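Reproduced below: protein-v5.tsv, with TSV, C-alpha atoms.
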```tsv
chain	number	residue	atom	x	y	z
O	1	MET	CA	1.06	15.91	-11.33
O	2	ASP	CA	1.97	19.39	-10.08
O	3	ASP	CA	-0.14	20.83	-12.89
O	4	GLN	CA	-3.26	18.79	-12.08
O	5	ILE	CA	-3.01	19.32	-8.32
O	6	GLY	CA	-2.64	23.02	-9.05
O	7	ARG	CA	-5.83	22.94	-11.13
O	8	VAL	CA	-7.76	21.47	-8.19
O	9	ILE	CA	-6.41	24.07	-5.74
O	10	ASN	CA	-7.00	26.95	-8.16
O	11	HIS	CA	-10.57	25.75	-8.74
O	12	LEU	CA	-11.25	25.65	-5.00
O	13	LYS	CA	-9.88	29.17	-4.62
O	14	ASP	CA	-11.90	30.44	-7.59
O	15	THR	CA	-15.11	29.00	-6.13
O	16	GLY	CA	-14.39	30.25	-2.61
O	17	ASP	CA	-14.24	26.72	-1.20
O	18	TYR	CA	-10.50	26.48	-0.55
O	19	ASP	CA	-10.68	27.48	3.13
O	20	ASN	CA	-13.54	25.02	3.74
O	21	THR	CA	-12.10	21.93	2.05
O	22	LEU	CA	-10.11	19.05	3.48
O	23	ILE	CA	-7.40	18.24	0.92
O	24	VAL	CA	-5.87	14.76	1.01
O	25	PHE	CA	-2.99	13.71	-1.22
O	26	MET	CA	-1.71	10.13	-1.18
O	27	SER	CA	0.82	8.67	-3.59
O	28	ASP	CA	0.55	5.30	-5.29
O	29	ASN	CA	1.96	2.35	-3.34
O	30	GLY	CA	5.48	1.78	-4.60
O	31	ALA	CA	7.21	1.40	-7.94
O	32	ALA	CA	5.83	-1.06	-10.51
O	33	GLY	CA	8.03	-4.14	-10.95
O	34	GLU	CA	6.47	-5.70	-14.04
O	35	ASP	CA	8.84	-7.05	-16.67
O	36	MET	CA	7.44	-5.87	-20.02
O	37	SER	CA	9.50	-8.32	-22.04
O	38	GLU	CA	8.13	-11.23	-20.01
O	39	LEU	CA	4.57	-9.97	-20.31
O	40	PHE	CA	5.02	-9.40	-24.04
O	41	SER	CA	6.24	-12.98	-24.52
O	42	LYS	CA	2.95	-14.32	-23.13
O	43	LEU	CA	0.71	-12.31	-25.44
O	44	ALA	CA	-1.21	-13.82	-28.34
O	45	PRO	CA	0.31	-13.12	-31.79
O	46	SER	CA	-2.54	-10.72	-32.65
O	47	ALA	CA	-1.90	-8.71	-29.47
O	48	LYS	CA	1.85	-8.56	-30.19
O	49	ASP	CA	1.12	-7.37	-33.71
O	50	TRP	CA	-1.19	-4.64	-32.38
O	51	LEU	CA	1.42	-3.44	-29.88
O	52	ASN	CA	4.16	-3.34	-32.51
O	53	LYS	CA	1.96	-1.28	-34.83
O	54	THR	CA	0.67	1.03	-32.09
O	55	TYR	CA	3.81	1.80	-30.05
O	56	ASP	CA	7.36	2.80	-30.86
O	57	ASN	CA	9.42	0.70	-28.46
O	58	ARG	CA	12.81	1.20	-30.05
O	59	LEU	CA	15.52	1.70	-27.43
O	60	GLU	CA	15.99	5.34	-28.40
O	61	ASN	CA	12.27	6.02	-27.78
O	62	TRP	CA	11.97	4.41	-24.35
O	63	GLY	CA	10.15	6.67	-21.93
O	64	ARG	CA	9.07	9.05	-24.68
O	65	PRO	CA	5.55	9.64	-26.02
O	66	GLY	CA	4.40	6.65	-28.04
O	67	SER	CA	6.40	4.07	-26.07
O	68	CYS	CA	4.90	1.28	-23.96
O	69	ILE	CA	7.53	-0.06	-21.58
O	70	GLU	CA	8.18	-1.02	-17.96
O	71	TYR	CA	11.55	-0.63	-16.29
O	72	GLY	CA	11.39	-4.02	-14.59
O	73	PRO	CA	11.79	-5.39	-11.06
O	74	ALA	CA	15.45	-4.43	-10.57
O	75	TRP	CA	14.90	-0.72	-11.22
O	76	ALA	CA	11.63	-0.85	-9.26
O	77	GLN	CA	13.61	-2.08	-6.27
O	78	VAL	CA	16.09	0.77	-6.73
O	79	SER	CA	13.17	3.22	-6.75
O	80	SER	CA	11.95	1.83	-3.41
O	81	VAL	CA	15.29	2.02	-1.57
O	82	PRO	CA	15.70	1.79	1.40
O	83	LEU	CA	12.43	-0.13	1.63
O	84	ARG	CA	12.10	-3.72	0.45
O	85	LEU	CA	10.70	-4.64	-2.98
O	86	PHE	CA	7.85	-2.84	-4.76
O	87	LYS	CA	4.17	-2.69	-5.69
O	88	GLY	CA	2.33	-6.02	-5.77
O	89	VAL	CA	3.84	-7.42	-2.58
O	90	GLU	CA	3.27	-6.62	1.10
O	91	ALA	CA	6.89	-5.71	1.80
O	92	GLU	CA	7.28	-2.09	2.92
O	93	GLY	CA	8.35	-1.00	-0.56
O	94	GLY	CA	4.99	-2.18	-1.84
O	95	ILE	CA	2.60	-0.81	0.79
O	96	ARG	CA	4.18	2.24	2.43
O	97	ALA	CA	3.12	5.52	0.86
O	98	PRO	CA	3.33	9.21	1.81
O	99	LEU	CA	0.18	11.08	2.80
O	100	ILE	CA	-0.33	14.86	2.92
O	101	VAL	CA	-3.41	16.38	4.56
O	102	CYS	CA	-4.32	20.03	4.93
O	103	GLY	CA	-7.43	22.06	5.51
O	104	PRO	CA	-9.58	23.58	8.26
O	105	GLY	CA	-9.00	21.98	11.65
O	106	VAL	CA	-5.74	20.27	10.65
O	107	GLU	CA	-2.88	21.01	13.03
O	108	HIS	CA	0.88	20.34	12.72
O	109	GLN	CA	1.44	22.54	9.66
O	110	GLY	CA	4.69	21.38	8.07
O	111	GLY	CA	5.08	18.57	10.60
O	112	LEU	CA	5.74	14.86	10.08
O	113	ASN	CA	4.02	11.93	11.77
O	114	HIS	CA	5.11	8.31	11.34
O	115	SER	CA	2.20	6.51	13.00
O	116	VAL	CA	0.41	3.71	11.17
O	117	LEU	CA	-2.48	4.70	8.91
O	118	HIS	CA	-4.37	2.72	6.26
O	119	VAL	CA	-6.20	3.78	3.12
O	120	MET	CA	-9.42	2.46	4.69
O	121	ASP	CA	-9.10	5.25	7.29
O	122	LEU	CA	-10.08	7.81	4.65
O	123	VAL	CA	-13.80	6.97	4.56
O	124	PRO	CA	-14.31	7.34	8.35
O	125	THR	CA	-12.31	10.58	8.21
O	126	PHE	CA	-14.48	12.04	5.43
O	127	LEU	CA	-17.68	10.91	7.14
O	128	GLU	CA	-16.64	12.60	10.39
O	129	SER	CA	-15.71	15.74	8.45
O	130	ALA	CA	-19.23	15.84	7.02
O	131	GLY	CA	-20.92	14.87	10.28
O	132	ILE	CA	-22.41	11.74	8.70
O	133	GLU	CA	-22.89	8.30	10.25
O	134	HIS	CA	-21.99	5.27	8.15
O	135	PRO	CA	-25.18	3.40	7.07
O	136	ALA	CA	-23.87	0.24	8.76
O	137	THR	CA	-24.57	1.88	12.12
O	138	SER	CA	-28.30	2.07	11.39
O	139	ALA	CA	-30.57	-0.41	13.18
O	140	GLY	CA	-31.19	-3.51	11.11
O	141	SER	CA	-28.44	-2.70	8.60
O	142	THR	CA	-26.78	-5.69	6.93
O	143	LEU	CA	-23.90	-3.60	5.55
O	144	ALA	CA	-20.36	-4.41	6.66
O	145	PRO	CA	-19.11	-1.70	9.03
O	146	PRO	CA	-15.94	0.18	8.05
O	147	GLN	CA	-12.77	-1.36	9.46
O	148	GLY	CA	-10.82	1.89	9.27
O	149	LYS	CA	-10.56	4.62	11.89
O	150	SER	CA	-11.10	8.34	11.56
O	151	MET	CA	-7.83	10.24	11.34
O	152	TRP	CA	-9.29	13.32	13.05
O	153	PRO	CA	-7.83	12.64	16.53
O	154	LEU	CA	-4.41	12.79	14.84
O	155	LEU	CA	-5.19	15.60	12.39
O	156	ALA	CA	-6.69	17.82	15.09
O	157	GLY	CA	-3.70	17.31	17.39
O	158	ARG	CA	-5.62	15.45	20.10
O	159	GLU	CA	-3.55	12.27	19.66
O	160	GLN	CA	-0.22	11.30	18.10
O	161	ALA	CA	-1.67	8.09	16.64
O	162	ILE	CA	-5.12	6.63	15.95
O	163	ARG	CA	-4.10	3.03	16.69
O	164	THR	CA	-2.98	1.53	19.97
O	165	ASP	CA	-0.33	-1.14	20.36
O	166	SER	CA	-3.10	-3.77	20.45
O	167	ASP	CA	-4.69	-2.70	17.15
O	168	TRP	CA	-3.64	-4.66	14.07
O	169	LEU	CA	-3.96	-4.61	10.30
O	170	GLY	CA	-3.85	-7.33	7.65
O	171	TRP	CA	-3.12	-7.52	3.92
O	172	GLU	CA	-3.33	-10.13	1.18
O	173	LEU	CA	-2.59	-9.80	-2.51
O	174	PHE	CA	-1.59	-12.35	-5.15
O	175	GLY	CA	-0.93	-14.94	-2.43
O	176	ASN	CA	1.40	-12.65	-0.49
O	177	ARG	CA	0.22	-11.62	2.97
O	178	ALA	CA	1.06	-9.65	6.10
O	179	ILE	CA	-0.08	-8.72	9.59
O	180	ARG	CA	1.02	-5.46	11.26
O	181	GLN	CA	0.66	-4.60	14.95
O	182	SER	CA	2.49	-1.59	16.35
O	183	ASP	CA	6.10	-1.85	15.08
O	184	TRP	CA	5.86	-5.61	14.51
O	185	LYS	CA	5.05	-7.18	11.16
O	186	LEU	CA	4.58	-10.79	10.10
O	187	LEU	CA	5.21	-11.14	6.37
O	188	TYR	CA	4.71	-14.00	3.91
O	189	LEU	CA	6.06	-13.59	0.39
O	190	LEU	CA	6.03	-16.25	-2.28
O	191	LYS	CA	9.45	-17.38	-3.49
O	192	GLY	CA	8.64	-15.94	-6.90
O	193	ALA	CA	7.82	-12.61	-5.26
O	194	GLY	CA	11.20	-12.14	-3.59
O	195	GLY	CA	10.31	-14.03	-0.41
O	196	THR	CA	11.14	-17.32	1.25
O	197	GLY	CA	7.74	-18.97	0.89
O	198	ASP	CA	7.41	-18.89	4.69
O	199	TRP	CA	6.38	-16.40	7.35
O	200	GLN	CA	9.00	-13.91	8.55
O	201	LEU	CA	8.82	-11.61	11.56
O	202	PHE	CA	10.25	-8.09	11.56
O	203	ASN	CA	10.39	-5.14	13.93
O	204	LEU	CA	9.93	-2.14	11.63
O	205	GLY	CA	10.93	0.31	14.35
O	206	ASP	CA	14.46	-1.06	14.28
O	207	ASP	CA	14.44	-2.62	10.82
O	208	PRO	CA	12.23	-0.75	8.30
O	209	ALA	CA	14.07	-2.46	5.42
O	210	GLU	CA	12.90	-5.89	6.67
O	211	LEU	CA	16.37	-7.42	6.69
O	212	ASN	CA	16.36	-9.35	9.98
O	213	ASP	CA	13.86	-12.18	10.47
O	214	LEU	CA	13.16	-12.41	14.22
O	215	SER	CA	10.99	-15.55	14.06
O	216	GLU	CA	13.44	-17.70	16.00
O	217	LYS	CA	14.01	-15.05	18.67
O	218	HIS	CA	10.29	-14.37	19.19
O	219	PRO	CA	8.41	-17.63	18.42
O	220	ASP	CA	5.53	-16.69	20.75
O	221	LYS	CA	4.92	-13.41	18.90
O	222	ARG	CA	5.10	-15.20	15.56
O	223	GLU	CA	2.49	-17.68	16.75
O	224	ALA	CA	0.25	-14.89	18.06
O	225	PHE	CA	0.45	-13.11	14.71
O	226	LEU	CA	-0.44	-16.31	12.86
O	227	LYS	CA	-3.66	-16.40	14.90
O	228	LEU	CA	-4.35	-12.80	13.84
O	229	TRP	CA	-3.85	-13.90	10.23
O	230	ASP	CA	-6.43	-16.65	10.68
O	231	GLU	CA	-8.81	-14.07	12.12
O	232	TYR	CA	-8.16	-11.74	9.18
O	233	VAL	CA	-8.90	-14.54	6.69
O	234	LYS	CA	-12.16	-15.39	8.44
O	235	ARG	CA	-13.28	-11.79	8.85
O	236	ASN	CA	-12.70	-10.86	5.22
O	237	GLY	CA	-13.45	-14.13	3.41
O	238	VAL	CA	-9.93	-14.33	2.00
O	239	ILE	CA	-9.25	-17.09	-0.54
O	240	VAL	CA	-5.52	-17.72	-0.17
O	241	SER	CA	-3.63	-18.53	-3.36
O	242	GLU	CA	-0.04	-19.64	-3.88
O	243	ALA	CA	0.01	-18.49	-7.52
O	244	GLY	CA	0.76	-14.81	-8.03
O	245	PRO	CA	1.80	-12.72	-11.06
O	246	TYR	CA	5.44	-12.96	-10.03
O	247	ALA	CA	5.42	-16.76	-9.68
O	248	GLY	CA	8.49	-18.16	-11.39
O	249	HIS	CA	10.15	-14.76	-11.65
O	250	GLU	CA	12.60	-13.80	-8.91
O	251	PRO	CA	12.99	-10.00	-8.50
```

Encoded form (structure tokens):
Amino acid sequence: MDDQIGRVINHLKDTGDYDNTLIVFMSDNGAAGEDMSELFSKLAPSAKDWLNKTYDNRLENWGRPGSCIEYGPAWAQVSSVPLRLFKGVEAEGGIRAPLIVCGPGVEHQGGLNHSVLHVMDLVPTFLESAGIEHPATSAGSTLAPPQGKSMWPLLAGREQAIRTDSDWLGWELFGNRAIRQSDWKLLYLLKGAGGTGDWQLFNLGDDPAELNDLSEKHPDKREAFLKLWDEYVKRNGVIVSEAGPYAGHEP
């Protein structure tokens, strides 16, 4: 990764564009928790035969060139510590990722900011950088407008966050789902995905590891978040499923 990022930066310097380019680096969202042995057991005989002939999966070759393995949900959880779980679920270990931004107009060199951002904020940020309006803003457009927000108020040092305490975000993947507003998060994980099969309420400011369900202490907030979930489903045409890839497999 260092090598390829270096190639991009060297190319920009060679072309004279380095000082006029906004560079954004974002990591993948959490460690992968797939169990290769379980996936392998579900393959057709022809696919198993192809894998056995193509890859060297002897124990002594794990992680080396020519191997095709996953390190499983237990080690994926270790890789996400102190956050909960891993990629594929909406727990913090599966959706929280570092972001590095540099370039002309970006303040806070070497600084850290822990405000809530979303990958969908990148498009509005790039459009503002280029001075371009999204086509959805044109009269008569039937395109869906972007739901993200430009990060420039934060990047330029005008604000410490681009979302207010009343702004909220939603997620859904493989039947797992979440709503986030300020430090509060309502999370639903299937039992086979490391959850309870019911909604849980967390305050990430005090509990980023999502250990303490506050549903009973704050029933009104839980109910308000459930209404936001219904709004998220309607706005995005979500088809909710109770069958995910981790169904029947407890991390």

Could you pull out every residue with an atom within 6 Å of (8.6, 2.2, -10.1), file coordinates, counting only C-alpha atoms, and send them as a CSV table (one decimal) with C-alpha atoms, keeping the file's coordinate frame?
```
chain,number,residue,atom,x,y,z
O,31,ALA,CA,7.2,1.4,-7.9
O,32,ALA,CA,5.8,-1.1,-10.5
O,76,ALA,CA,11.6,-0.8,-9.3
O,79,SER,CA,13.2,3.2,-6.8
```

Do a neighbour search on Tyr232 in chain O at 7 Å with only C-alpha atoms, toss out local chain neighbours closer than 4 positions, and write the hits as a PyMOL selection string.
-> chain O and resi 170+228+236

Considering all atoms listed in the file, return as a ChimeraX atom specification whatever protein or nucleic-acid residues lie within 8 Å of Gln77 in chain O, sequence-local ones (same chain, fewer than 3 positions apart) excluded.
-> /O:31,33,73-74,80-81,84-86,93

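Nearest-residue note for Trp168 in chain O: choosing from O:Ala224, O:Ile132, O:Val238, O:Cys68, the minimum distance belongs to O:Ala224, counting all atoms listed in the file.
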
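Interatomic distance, CA of Ala193 in chain O to CA of Val119 in chain O: 23.1 Å.
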
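Going from CA of Gly63 in chain O over to CA of Ala209 in chain O, you cover 29.1 Å.
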
Range 39-43 of chain O: which residues within 12 Å, counting all atoms listed in the file, same-chain residues fewer than 4 positions away excluded, as an MDAnalysis selection string?
-> chainID O and resid 33:35 47:52 57 68:70 72 245:246 249

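Considering only C-alpha atoms, the residue among O:Asp198, O:Asp19, O:Asp206, O:Glu128 positioned nearest to Arg222 in chain O is O:Asp198.
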
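Of note, CA of Glu90 in chain O and CA of Leu214 in chain O are spaced 17.4 Å apart.
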
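Each of O:Ser37, O:Gln181, O:Thr142, O:Gln147 was compared to Leu204 in chain O using only C-alpha atoms, and O:Gln181 turns out to be the nearest.
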
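Restricting the calculation to all atoms listed in the file, the smallest distance between Ala130 in chain O and any of O:Arg180, O:Leu22, O:Glu223, O:Met36 is found for O:Leu22.
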
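Residue neighbourhood of Asn203 in chain O, excluding near-sequence residues (fewer than 2 positions): Glu92, Ile179, Arg180, Gln181, Ser182, Asp183, Trp184, Lys185, Leu186, Leu187, Gln200, Leu201, Gly205, Asp206, Asp207, Pro208, Ala209, Glu210, Leu211, Asn212, Asp213, Leu214, Ser215, Lys217, His218, Lys221 and Arg222 of chain O, at 12 Å, using only C-alpha atoms.
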
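Considering the residues O:Leu122, O:Leu154, O:Ile5, O:Ala139 and counting all atoms listed in the file, Val106 in chain O has its shortest atom-to-atom contact with O:Leu154.
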
Using all atoms listed in the file, find each residue of range 123-155 of chain O with at least one atom at most 12 Å away from an atom of range 96-104 of chain O; report its shortest atom-to-atom pair and that distance in Å (one decimal), sort the rows by chain and rising residue number, and return the result as a Markdown table.
```
| residue | atom | partner | partner_atom | distance |
| --- | --- | --- | --- | --- |
| O:Thr125 | CA | O:Val101 | CA | 11.2 |
| O:Phe126 | CA | O:Val101 | CA | 11.9 |
| O:Ser129 | CA | O:Pro104 | CA | 10.0 |
| O:Met151 | CA | O:Val101 | CA | 10.2 |
| O:Trp152 | CA | O:Val101 | CA | 10.8 |
| O:Leu154 | CA | O:Val101 | CA | 10.9 |
| O:Leu155 | CA | O:Val101 | CA | 8.1 |
```

Reconstruct all heavy atoms of range 19-30 of chain O; output as a PDB file, in the frame of the given file.
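Okay, selection34.pdb is ready:
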```pdb
ATOM      1  N   ASP O  19     -10.847  27.432   1.672  1.00  0.00           N
ATOM      2  CA  ASP O  19     -10.680  27.480   3.130  1.00  0.00           C
ATOM      3  C   ASP O  19     -11.675  26.584   3.859  1.00  0.00           C
ATOM      4  O   ASP O  19     -11.665  26.530   5.097  1.00  0.00           O
ATOM      5  CB  ASP O  19     -10.827  28.919   3.628  1.00  0.00           C
ATOM      6  CG  ASP O  19      -9.678  29.804   3.146  1.00  0.00           C
ATOM      7  OD1 ASP O  19      -8.563  29.278   3.021  1.00  0.00           O
ATOM      8  OD2 ASP O  19      -9.917  30.993   2.880  1.00  0.00           O
ATOM      9  N   ASN O  20     -12.538  25.891   3.120  1.00  0.00           N
ATOM     10  CA  ASN O  20     -13.540  25.020   3.740  1.00  0.00           C
ATOM     11  C   ASN O  20     -13.445  23.602   3.171  1.00  0.00           C
ATOM     12  O   ASN O  20     -14.436  22.866   3.171  1.00  0.00           O
ATOM     13  CB  ASN O  20     -14.945  25.581   3.523  1.00  0.00           C
ATOM     14  CG  ASN O  20     -15.980  24.872   4.383  1.00  0.00           C
ATOM     15  OD1 ASN O  20     -15.708  24.511   5.525  1.00  0.00           O
ATOM     16  ND2 ASN O  20     -17.150  24.649   3.829  1.00  0.00           N
ATOM     17  N   THR O  21     -12.261  23.239   2.684  1.00  0.00           N
ATOM     18  CA  THR O  21     -12.100  21.930   2.050  1.00  0.00           C
ATOM     19  C   THR O  21     -10.930  21.178   2.670  1.00  0.00           C
ATOM     20  O   THR O  21      -9.839  21.733   2.832  1.00  0.00           O
ATOM     21  CB  THR O  21     -11.847  22.085   0.529  1.00  0.00           C
ATOM     22  OG1 THR O  21     -12.971  22.746  -0.060  1.00  0.00           O
ATOM     23  CG2 THR O  21     -11.661  20.734  -0.136  1.00  0.00           C
ATOM     24  N   LEU O  22     -11.176  19.933   3.022  1.00  0.00           N
ATOM     25  CA  LEU O  22     -10.110  19.050   3.480  1.00  0.00           C
ATOM     26  C   LEU O  22      -9.440  18.452   2.243  1.00  0.00           C
ATOM     27  O   LEU O  22     -10.082  17.778   1.437  1.00  0.00           O
ATOM     28  CB  LEU O  22     -10.678  17.926   4.354  1.00  0.00           C
ATOM     29  CG  LEU O  22      -9.652  16.955   4.955  1.00  0.00           C
ATOM     30  CD1 LEU O  22      -8.806  17.670   5.999  1.00  0.00           C
ATOM     31  CD2 LEU O  22     -10.344  15.733   5.556  1.00  0.00           C
ATOM     32  N   ILE O  23      -8.146  18.708   2.082  1.00  0.00           N
ATOM     33  CA  ILE O  23      -7.400  18.240   0.920  1.00  0.00           C
ATOM     34  C   ILE O  23      -6.499  17.091   1.344  1.00  0.00           C
ATOM     35  O   ILE O  23      -5.695  17.229   2.272  1.00  0.00           O
ATOM     36  CB  ILE O  23      -6.566  19.365   0.293  1.00  0.00           C
ATOM     37  CG1 ILE O  23      -7.491  20.500  -0.172  1.00  0.00           C
ATOM     38  CG2 ILE O  23      -5.736  18.837  -0.875  1.00  0.00           C
ATOM     39  CD1 ILE O  23      -6.746  21.696  -0.719  1.00  0.00           C
ATOM     40  N   VAL O  24      -6.651  15.959   0.687  1.00  0.00           N
ATOM     41  CA  VAL O  24      -5.870  14.760   1.010  1.00  0.00           C
ATOM     42  C   VAL O  24      -5.117  14.320  -0.241  1.00  0.00           C
ATOM     43  O   VAL O  24      -5.725  14.097  -1.291  1.00  0.00           O
ATOM     44  CB  VAL O  24      -6.780  13.617   1.506  1.00  0.00           C
ATOM     45  CG1 VAL O  24      -5.952  12.364   1.783  1.00  0.00           C
ATOM     46  CG2 VAL O  24      -7.547  14.041   2.744  1.00  0.00           C
ATOM     47  N   PHE O  25      -3.811  14.216  -0.126  1.00  0.00           N
ATOM     48  CA  PHE O  25      -2.990  13.710  -1.220  1.00  0.00           C
ATOM     49  C   PHE O  25      -2.259  12.460  -0.756  1.00  0.00           C
ATOM     50  O   PHE O  25      -1.583  12.471   0.275  1.00  0.00           O
ATOM     51  CB  PHE O  25      -1.963  14.745  -1.690  1.00  0.00           C
ATOM     52  CG  PHE O  25      -0.992  14.200  -2.701  1.00  0.00           C
ATOM     53  CD1 PHE O  25      -1.336  14.156  -4.044  1.00  0.00           C
ATOM     54  CD2 PHE O  25       0.237  13.696  -2.318  1.00  0.00           C
ATOM     55  CE1 PHE O  25      -0.451  13.630  -4.987  1.00  0.00           C
ATOM     56  CE2 PHE O  25       1.119  13.162  -3.246  1.00  0.00           C
ATOM     57  CZ  PHE O  25       0.771  13.130  -4.585  1.00  0.00           C
ATOM     58  N   MET O  26      -2.395  11.379  -1.507  1.00  0.00           N
ATOM     59  CA  MET O  26      -1.710  10.130  -1.180  1.00  0.00           C
ATOM     60  C   MET O  26      -1.096   9.584  -2.460  1.00  0.00           C
ATOM     61  O   MET O  26      -1.750   9.529  -3.505  1.00  0.00           O
ATOM     62  CB  MET O  26      -2.714   9.127  -0.613  1.00  0.00           C
ATOM     63  CG  MET O  26      -2.113   7.782  -0.238  1.00  0.00           C
ATOM     64  SD  MET O  26      -3.388   6.696   0.470  1.00  0.00           S
ATOM     65  CE  MET O  26      -2.417   5.219   0.749  1.00  0.00           C
ATOM     66  N   SER O  27       0.175   9.191  -2.394  1.00  0.00           N
ATOM     67  CA  SER O  27       0.820   8.670  -3.590  1.00  0.00           C
ATOM     68  C   SER O  27       0.428   7.225  -3.814  1.00  0.00           C
ATOM     69  O   SER O  27      -0.163   6.568  -2.947  1.00  0.00           O
ATOM     70  CB  SER O  27       2.343   8.765  -3.474  1.00  0.00           C
ATOM     71  OG  SER O  27       2.864   7.610  -2.850  1.00  0.00           O
ATOM     72  N   ASP O  28       0.746   6.708  -4.998  1.00  0.00           N
ATOM     73  CA  ASP O  28       0.550   5.300  -5.290  1.00  0.00           C
ATOM     74  C   ASP O  28       1.504   4.478  -4.419  1.00  0.00           C
ATOM     75  O   ASP O  28       2.478   4.992  -3.873  1.00  0.00           O
ATOM     76  CB  ASP O  28       0.825   5.032  -6.773  1.00  0.00           C
ATOM     77  CG  ASP O  28       0.197   3.736  -7.254  1.00  0.00           C
ATOM     78  OD1 ASP O  28      -0.417   3.040  -6.433  1.00  0.00           O
ATOM     79  OD2 ASP O  28       0.334   3.428  -8.446  1.00  0.00           O
ATOM     80  N   ASN O  29       1.213   3.183  -4.289  1.00  0.00           N
ATOM     81  CA  ASN O  29       1.960   2.350  -3.340  1.00  0.00           C
ATOM     82  C   ASN O  29       3.156   1.666  -3.996  1.00  0.00           C
ATOM     83  O   ASN O  29       3.115   0.504  -4.364  1.00  0.00           O
ATOM     84  CB  ASN O  29       1.043   1.296  -2.721  1.00  0.00           C
ATOM     85  CG  ASN O  29       0.347   0.440  -3.768  1.00  0.00           C
ATOM     86  OD1 ASN O  29      -0.211   0.953  -4.726  1.00  0.00           O
ATOM     87  ND2 ASN O  29       0.378  -0.863  -3.590  1.00  0.00           N
ATOM     88  N   GLY O  30       4.240   2.396  -4.149  1.00  0.00           N
ATOM     89  CA  GLY O  30       5.480   1.780  -4.600  1.00  0.00           C
ATOM     90  C   GLY O  30       5.654   1.761  -6.107  1.00  0.00           C
ATOM     91  O   GLY O  30       4.720   1.956  -6.884  1.00  0.00           O
TER      92      GLY O  30
END
```
